[in-house]
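Undergrad: Sending over start_5.txt (compact mmCIF, C-alpha atoms).
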# COMPACT_ATOMS: atom_id res chain seq x y z
CA MET A 1 74.14 89.02 113.13
CA ASN A 2 76.88 86.74 111.80
CA ARG A 3 75.68 87.34 108.25
CA PHE A 4 75.76 91.10 108.83
CA GLY A 5 79.29 90.82 110.23
CA SER A 6 80.41 88.79 107.22
CA ILE A 7 78.92 91.33 104.81
CA ALA A 8 80.53 94.18 106.77
CA ARG A 9 83.95 92.48 106.60
CA GLU A 10 83.61 91.86 102.87
CA ALA A 11 82.55 95.48 102.31
CA ALA A 12 85.50 96.73 104.38
CA GLY A 13 87.86 94.52 102.41
CA ALA A 14 86.46 95.78 99.11
CA ALA A 15 86.83 99.38 100.31
CA LEU A 16 90.47 98.78 101.26
CA VAL A 17 91.18 97.30 97.84
CA LEU A 18 89.53 100.28 96.16
CA VAL A 19 91.53 102.76 98.24
CA TYR A 20 94.73 100.89 97.40
CA GLU A 21 93.99 100.85 93.66
CA VAL A 22 93.14 104.56 93.56
CA GLY A 23 96.18 105.45 95.66
CA ALA A 24 98.51 103.35 93.52
CA HIS A 25 97.24 104.92 90.30
CA HIS A 26 97.53 108.41 91.80
CA ALA A 27 101.10 107.73 92.91
CA VAL A 28 102.10 106.49 89.45
CA THR A 29 100.46 109.29 87.48
CA THR A 30 101.12 112.28 89.74
CA PRO A 31 104.65 113.68 90.15
CA GLY A 32 105.68 114.18 93.76
CA PHE A 33 103.81 111.17 95.14
CA GLU A 34 106.66 108.68 94.85
CA ASN A 35 106.74 108.20 98.63
CA LEU A 36 103.09 107.17 98.56
CA GLY A 37 103.89 104.66 95.83
CA LEU A 38 106.72 103.16 97.85
CA THR A 39 104.51 102.97 100.94
CA LEU A 40 101.88 101.08 98.96
CA VAL A 41 104.58 98.66 97.82
CA LEU A 42 106.18 97.99 101.19
CA ALA A 43 103.44 98.43 103.79
CA PRO A 44 101.12 95.54 102.76
CA ALA A 45 103.99 93.04 102.51
CA ALA A 46 105.51 94.20 105.80
CA LEU A 47 102.22 94.07 107.68
CA LEU A 48 101.38 90.63 106.27
CA ALA A 49 104.80 89.23 107.15
CA LEU A 50 104.66 90.63 110.69
CA SER A 51 101.10 89.40 111.19
CA LEU A 52 101.94 85.86 110.05
CA ALA A 53 105.10 85.81 112.14
CA ALA A 54 103.27 87.06 115.24
CA ARG A 55 100.76 84.21 114.95
CA SER A 56 103.39 81.57 114.36
CA PRO A 57 104.52 79.20 117.14
CA ARG A 58 108.04 80.41 116.26
CA ARG A 59 107.19 84.07 116.69
CA THR A 60 110.16 84.75 118.95
CA LEU A 61 112.50 83.67 116.15
CA LEU A 62 110.60 85.21 113.25
CA VAL A 63 109.40 88.60 114.45
CA PRO A 64 112.82 90.19 115.24
CA PRO A 65 114.45 89.56 111.81
CA ILE A 66 111.30 90.59 109.95
CA ALA A 67 111.03 93.76 112.04
CA ALA A 68 114.74 94.46 111.39
CA ALA A 69 114.20 94.00 107.66
CA CYS A 70 111.29 96.46 107.77
CA ILE A 71 113.49 98.99 109.56
CA MET A 72 116.25 98.54 106.97
CA LEU A 73 113.78 99.12 104.15
CA TRP A 74 112.57 102.29 105.84
CA VAL A 75 116.11 103.56 106.29
CA SER A 76 116.83 102.81 102.61
CA ARG A 77 113.64 104.45 101.36
CA ALA A 78 115.45 107.33 99.62
CA ALA A 79 117.12 104.87 97.24
CA LEU A 80 114.09 102.61 96.90
CA VAL A 81 111.65 105.39 96.07
CA ARG A 82 113.24 105.81 92.64
CA HIS A 83 112.10 102.31 91.70
CA TYR A 84 108.72 102.13 93.42
CA ALA A 85 106.90 101.55 90.12
CA TRP A 86 108.74 98.25 89.74
CA GLY A 87 107.42 97.24 93.14
CA LEU A 88 103.84 98.00 92.14
CA PHE A 89 104.31 96.05 88.91
CA PHE A 90 105.84 93.12 90.81
CA GLU A 91 102.92 93.04 93.26
CA HIS A 92 100.40 93.05 90.42
CA VAL A 93 101.96 90.22 88.41
CA VAL A 94 102.79 88.12 91.48
CA PHE A 95 99.25 88.39 92.87
CA ASN A 96 97.58 87.49 89.57
CA GLY A 97 100.21 84.88 88.77
CA ALA A 98 99.61 83.24 92.15
CA LEU A 99 95.87 83.10 91.45
CA GLY A 100 96.55 81.57 88.05
CA TYR A 101 98.83 79.00 89.66
CA LEU A 102 96.18 78.27 92.30
CA PHE A 103 93.71 77.32 89.56
CA GLY A 104 96.18 75.79 87.13
CA ARG A 105 97.91 73.41 89.56
CA THR A 106 94.61 71.60 90.15
CA LEU A 107 94.41 70.68 86.45
CA ALA A 108 97.32 68.26 86.79
CA PRO A 109 96.56 64.56 86.26
CA GLY A 110 95.11 62.96 89.37
CA ARG A 111 93.96 66.25 90.90
CA GLU A 112 90.47 67.70 91.14
CA PRO A 113 90.02 71.06 89.36
CA LEU A 114 89.51 73.93 91.77
CA CYS A 115 86.09 74.91 90.41
CA SER A 116 85.01 71.27 90.77
CA GLN A 117 86.04 71.45 94.42
CA PHE A 118 83.93 74.58 94.87
CA ALA A 119 80.95 72.90 93.18
CA ALA A 120 81.31 69.83 95.40
CA MET A 121 81.21 72.01 98.51
CA VAL A 122 77.79 73.29 97.45
CA ARG A 123 76.26 70.28 95.69
CA GLY A 124 77.93 67.41 97.49
CA ARG A 125 79.73 64.43 96.02
CA PRO A 126 79.86 62.83 93.60
CA LEU A 127 79.39 65.54 90.98
CA ALA A 128 77.32 64.71 87.95
CA PRO A 129 79.58 64.02 84.93
CA GLU A 130 78.35 67.08 83.03
CA ILE A 131 79.01 69.34 86.04
CA ALA A 132 82.49 67.86 86.54
CA ALA A 133 83.34 68.41 82.89
CA TYR A 134 82.01 71.97 82.95
CA THR A 135 83.81 72.96 86.14
CA ARG A 136 87.07 71.62 84.69
CA ARG A 137 86.62 73.85 81.64
CA ILE A 138 85.91 76.83 83.89
CA THR A 139 89.07 76.12 85.89
CA VAL A 140 91.00 76.21 82.60
CA ALA A 141 89.30 79.50 81.71
CA TRP A 142 90.28 81.15 85.02
CA THR A 143 93.83 79.89 84.67
CA LEU A 144 94.07 81.44 81.20
CA PHE A 145 92.44 84.65 82.44
CA PHE A 146 95.06 85.25 85.12
CA ALA A 147 97.85 84.25 82.73
CA GLY A 148 96.48 86.80 80.28
CA VAL A 149 96.40 89.51 82.96
CA VAL A 150 100.06 88.83 83.79
CA ALA A 151 101.01 88.90 80.10
CA VAL A 152 99.18 92.16 79.34
CA SER A 153 100.53 93.80 82.50
CA THR A 154 104.08 92.82 81.56
CA VAL A 155 103.78 94.04 77.97
CA LEU A 156 102.26 97.37 79.02
CA PHE A 157 104.86 97.94 81.72
CA ALA A 158 107.67 97.21 79.27
CA THR A 159 106.36 99.12 76.25
CA ALA A 160 103.74 101.69 77.28
CA SER A 161 103.63 104.63 79.66
CA LEU A 162 103.31 104.11 83.40
CA SER A 163 99.91 105.78 83.23
CA ALA A 164 98.67 103.25 80.64
CA TRP A 165 100.02 100.32 82.65
CA SER A 166 98.53 101.67 85.89
CA THR A 167 95.13 102.17 84.27
CA PHE A 168 95.07 98.52 83.30
CA ALA A 169 96.53 97.23 86.57
CA ASN A 170 94.54 99.39 88.99
CA TYR A 171 91.32 100.23 87.15
CA LEU A 172 90.68 97.42 84.66
CA THR A 173 91.90 94.17 86.23
CA LEU A 174 89.16 93.88 88.85
CA PRO A 175 86.33 94.90 86.48
CA LEU A 176 87.61 92.31 84.00
CA ALA A 177 87.52 89.68 86.75
CA ALA A 178 83.95 90.74 87.60
CA LEU A 179 83.08 90.44 83.90
CA MET A 180 84.49 86.91 83.97
CA PHE A 181 82.14 86.07 86.86
CA VAL A 182 79.15 87.44 84.95
CA GLY A 183 80.18 85.70 81.73
CA GLU A 184 80.73 82.40 83.52
CA HIS A 185 77.29 82.62 85.11
CA ALA A 186 75.70 83.19 81.68
CA CYS A 187 77.70 80.34 80.12
CA ARG A 188 76.68 78.02 82.94
CA ARG A 189 73.02 78.50 82.16
CA LEU A 190 73.67 77.57 78.53
CA ALA A 191 76.06 74.69 79.23
CA LEU A 192 74.00 73.17 82.06
CA PRO A 193 70.34 73.75 81.19
CA GLY A 194 67.91 72.61 83.84
CA ILE A 195 70.54 72.49 86.59
CA GLU A 196 70.13 75.01 89.38
CA SER A 197 72.95 77.56 89.39
CA SER A 198 74.65 78.39 92.70
CA GLY A 199 77.14 81.06 91.63
CA MET A 200 80.88 80.84 92.17
CA LEU A 201 80.92 83.35 95.02
CA ALA A 202 78.50 81.15 96.94
CA SER A 203 80.76 78.19 96.23
CA ILE A 204 83.82 80.01 97.56
CA ARG A 205 81.95 81.03 100.72
CA ALA A 206 80.84 77.43 101.20
CA TYR A 207 84.43 76.26 100.87
CA ARG A 208 85.57 78.81 103.44
CA ARG A 209 82.84 77.72 105.85
CA SER A 210 83.70 74.05 105.45
CA ALA A 211 87.44 74.59 105.84
CA GLY A 212 87.04 76.97 108.75
CA VAL A 213 89.05 80.10 109.30
CA ARG A 214 92.55 79.01 110.25
CA PRO A 215 95.43 81.42 110.58
CA VAL A 216 98.30 80.80 108.18
CA GLN A 217 101.40 79.74 110.04
CA PHE A 218 105.06 79.45 109.18
CA ARG A 219 106.24 75.85 109.37
Is it possible to express this structure as structure tokens?
TA:
Amino acid sequence: MNRFGSIAREAAGAALVLVYEVGAHHAVTTPGFENLGLTLVLAPAALLALSLAARSPRRTLLVPPIAAACIMLWVSRAALVRHYAWGLFFEHVVFNGALGYLFGRTLAPGREPLCSQFAAMVRGRPLAPEIAAYTRRITVAWTLFFAGVVAVSTVLFATASLSAWSTFANYLTLPLAALMFVGEHACRRLALPGIESSGMLASIRAYRRSAGVRPVQFR
């Protein structure tokens, strides 16, 4: 039952992402849907901020100013709607940049690469030297992937049409990430022959199970 619930939550999350991507592309490429574009920019950030504030021990201090800021944004929507595309661009580069930073920061001297951490959650410690070396290289690859996504998104937004940028941002970024997963799995079989492959998704789920589900709080 728990496994079914987990699969259902993941499917619901994937469906929400798909709806968002299609809606964002439609707003960018269809005249008259600027309000939808602005809603897609502001609503996720507002809901996330309110949710985190409501779960914080300092909720009585945090919720009122965040709610007031949301109201001010709504009142100012007529002016903001003219620049909604910048908001969608900002969300795209910040999200992918944050993922790149999440991987890249673990490559610093004295830190364990993120993919090595995932592998250790599944295989236990210590990791075999060849697995540690491979997972470090994969962490570098994911860091470069997200940096490349940010670079391409920025160049397209600055030089191409909004439709071209939106096609890349909303319809190609996730498939490219999926292709990275598939390519990494194939490379793993070649780089680590004879070692049972667990898959990165399984590693991430193992990490989540080991860490537990803890609400993010403002400190």
Undergrad: Quick one: pull the distance between atom CA of A:Ala98 and atom CA of A:Ala27, Å, one decimal.
TA: 24.5 Å
Undergrad: Can you work out the spacing between atom CA of A:Asn170 and atom CA of A:Leu50 in Å, to one decimal?
TA: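 Rounded to one decimal, the two atoms are 25.5 Å apart.
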Undergrad: Between A:Val149, A:Gly97, A:Thr154, A:Ala128, single out the one closest to A:Pro175, counting only C-alpha atoms.
TA: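 Distance minimum relative to A:Pro175 lands on A:Val149.
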Undergrad: I'd like the contact shell of stretch 68-81 of chain A - 6 Å cut-off, only C-alpha atoms, skipping same-chain residues fewer than 3 positions apart - returned as a ChimeraX atom specification.
TA: /A:38,65,84
Undergrad: Next, write the just-selected residues to a file, as a compact mmCIF listing (two decimals), keeping the file's coordinate frame, keeping C-alpha atoms as the atom set.
TA:
# COMPACT_ATOMS: atom_id res chain seq x y z
CA LEU A 38 106.72 103.16 97.85
CA PRO A 65 114.45 89.56 111.81
CA TYR A 84 108.72 102.13 93.42
Undergrad: If you take only C-alpha atoms and a cut-off of 12 Å, which residues of stretch 120-146 of chain A touch stretch 105-109 of chain A, and what are their nearest atom pairs and distances in Å to one decimal, in chain and number order, as a Markdown table?
TA:
| residue | atom | partner | partner_atom | distance |
| --- | --- | --- | --- | --- |
| A:Ala133 | CA | A:Leu107 | CA | 11.8 |
| A:Thr135 | CA | A:Leu107 | CA | 10.8 |
| A:Arg136 | CA | A:Leu107 | CA | 7.6 |
| A:Arg137 | CA | A:Leu107 | CA | 9.7 |
| A:Ile138 | CA | A:Leu107 | CA | 10.8 |
| A:Thr139 | CA | A:Leu107 | CA | 7.6 |
| A:Val140 | CA | A:Leu107 | CA | 7.6 |
| A:Ala141 | CA | A:Leu107 | CA | 11.2 |
| A:Trp142 | CA | A:Leu107 | CA | 11.3 |
| A:Thr143 | CA | A:Arg105 | CA | 9.1 |
| A:Leu144 | CA | A:Leu107 | CA | 12.0 |
Undergrad: Output as a short mmCIF file (atom, residue, chain, number, x, y, z; two decimals), in the frame of the given file: stretch 15-28 of chain A, completed with N, CA, C and O atoms.
TA:
data_model
loop_
_atom_site.label_atom_id
_atom_site.label_comp_id
_atom_site.auth_asym_id
_atom_site.auth_seq_id
_atom_site.Cartn_x
_atom_site.Cartn_y
_atom_site.Cartn_z
N ALA A 15 86.48 97.96 100.19
CA ALA A 15 86.83 99.38 100.31
C ALA A 15 88.33 99.57 100.40
O ALA A 15 88.90 100.48 99.78
N LEU A 16 89.02 98.69 101.15
CA LEU A 16 90.47 98.78 101.26
C LEU A 16 91.14 98.54 99.91
O LEU A 16 92.10 99.23 99.55
N VAL A 17 90.63 97.57 99.17
CA VAL A 17 91.18 97.30 97.84
C VAL A 17 90.99 98.51 96.93
O VAL A 17 91.91 98.91 96.20
N LEU A 18 89.80 99.12 96.99
CA LEU A 18 89.53 100.28 96.16
C LEU A 18 90.45 101.44 96.51
O LEU A 18 91.01 102.11 95.62
N VAL A 19 90.64 101.69 97.80
CA VAL A 19 91.53 102.76 98.24
C VAL A 19 92.95 102.49 97.76
O VAL A 19 93.65 103.40 97.29
N TYR A 20 93.38 101.24 97.86
CA TYR A 20 94.73 100.89 97.40
C TYR A 20 94.87 101.14 95.91
O TYR A 20 95.88 101.72 95.46
N GLU A 21 93.91 100.69 95.11
CA GLU A 21 93.99 100.85 93.66
C GLU A 21 94.03 102.32 93.26
O GLU A 21 94.84 102.73 92.42
N VAL A 22 93.16 103.13 93.88
CA VAL A 22 93.14 104.56 93.56
C VAL A 22 94.45 105.21 93.99
O VAL A 22 95.03 106.02 93.25
N GLY A 23 94.92 104.88 95.18
CA GLY A 23 96.18 105.45 95.66
C GLY A 23 97.36 105.06 94.80
O GLY A 23 98.22 105.90 94.50
N ALA A 24 97.41 103.80 94.37
CA ALA A 24 98.51 103.35 93.52
C ALA A 24 98.50 104.08 92.18
O ALA A 24 99.55 104.51 91.69
N HIS A 25 97.33 104.22 91.59
CA HIS A 25 97.24 104.92 90.30
C HIS A 25 97.63 106.40 90.47
O HIS A 25 98.35 106.95 89.63
N HIS A 26 97.19 107.00 91.55
CA HIS A 26 97.53 108.41 91.80
C HIS A 26 99.03 108.58 91.98
O HIS A 26 99.63 109.54 91.45
N ALA A 27 99.66 107.65 92.69
CA ALA A 27 101.10 107.73 92.91
C ALA A 27 101.87 107.60 91.60
O ALA A 27 102.87 108.29 91.38
N VAL A 28 101.41 106.72 90.72
CA VAL A 28 102.10 106.49 89.45
C VAL A 28 101.93 107.66 88.49
O VAL A 28 102.86 108.03 87.76
#
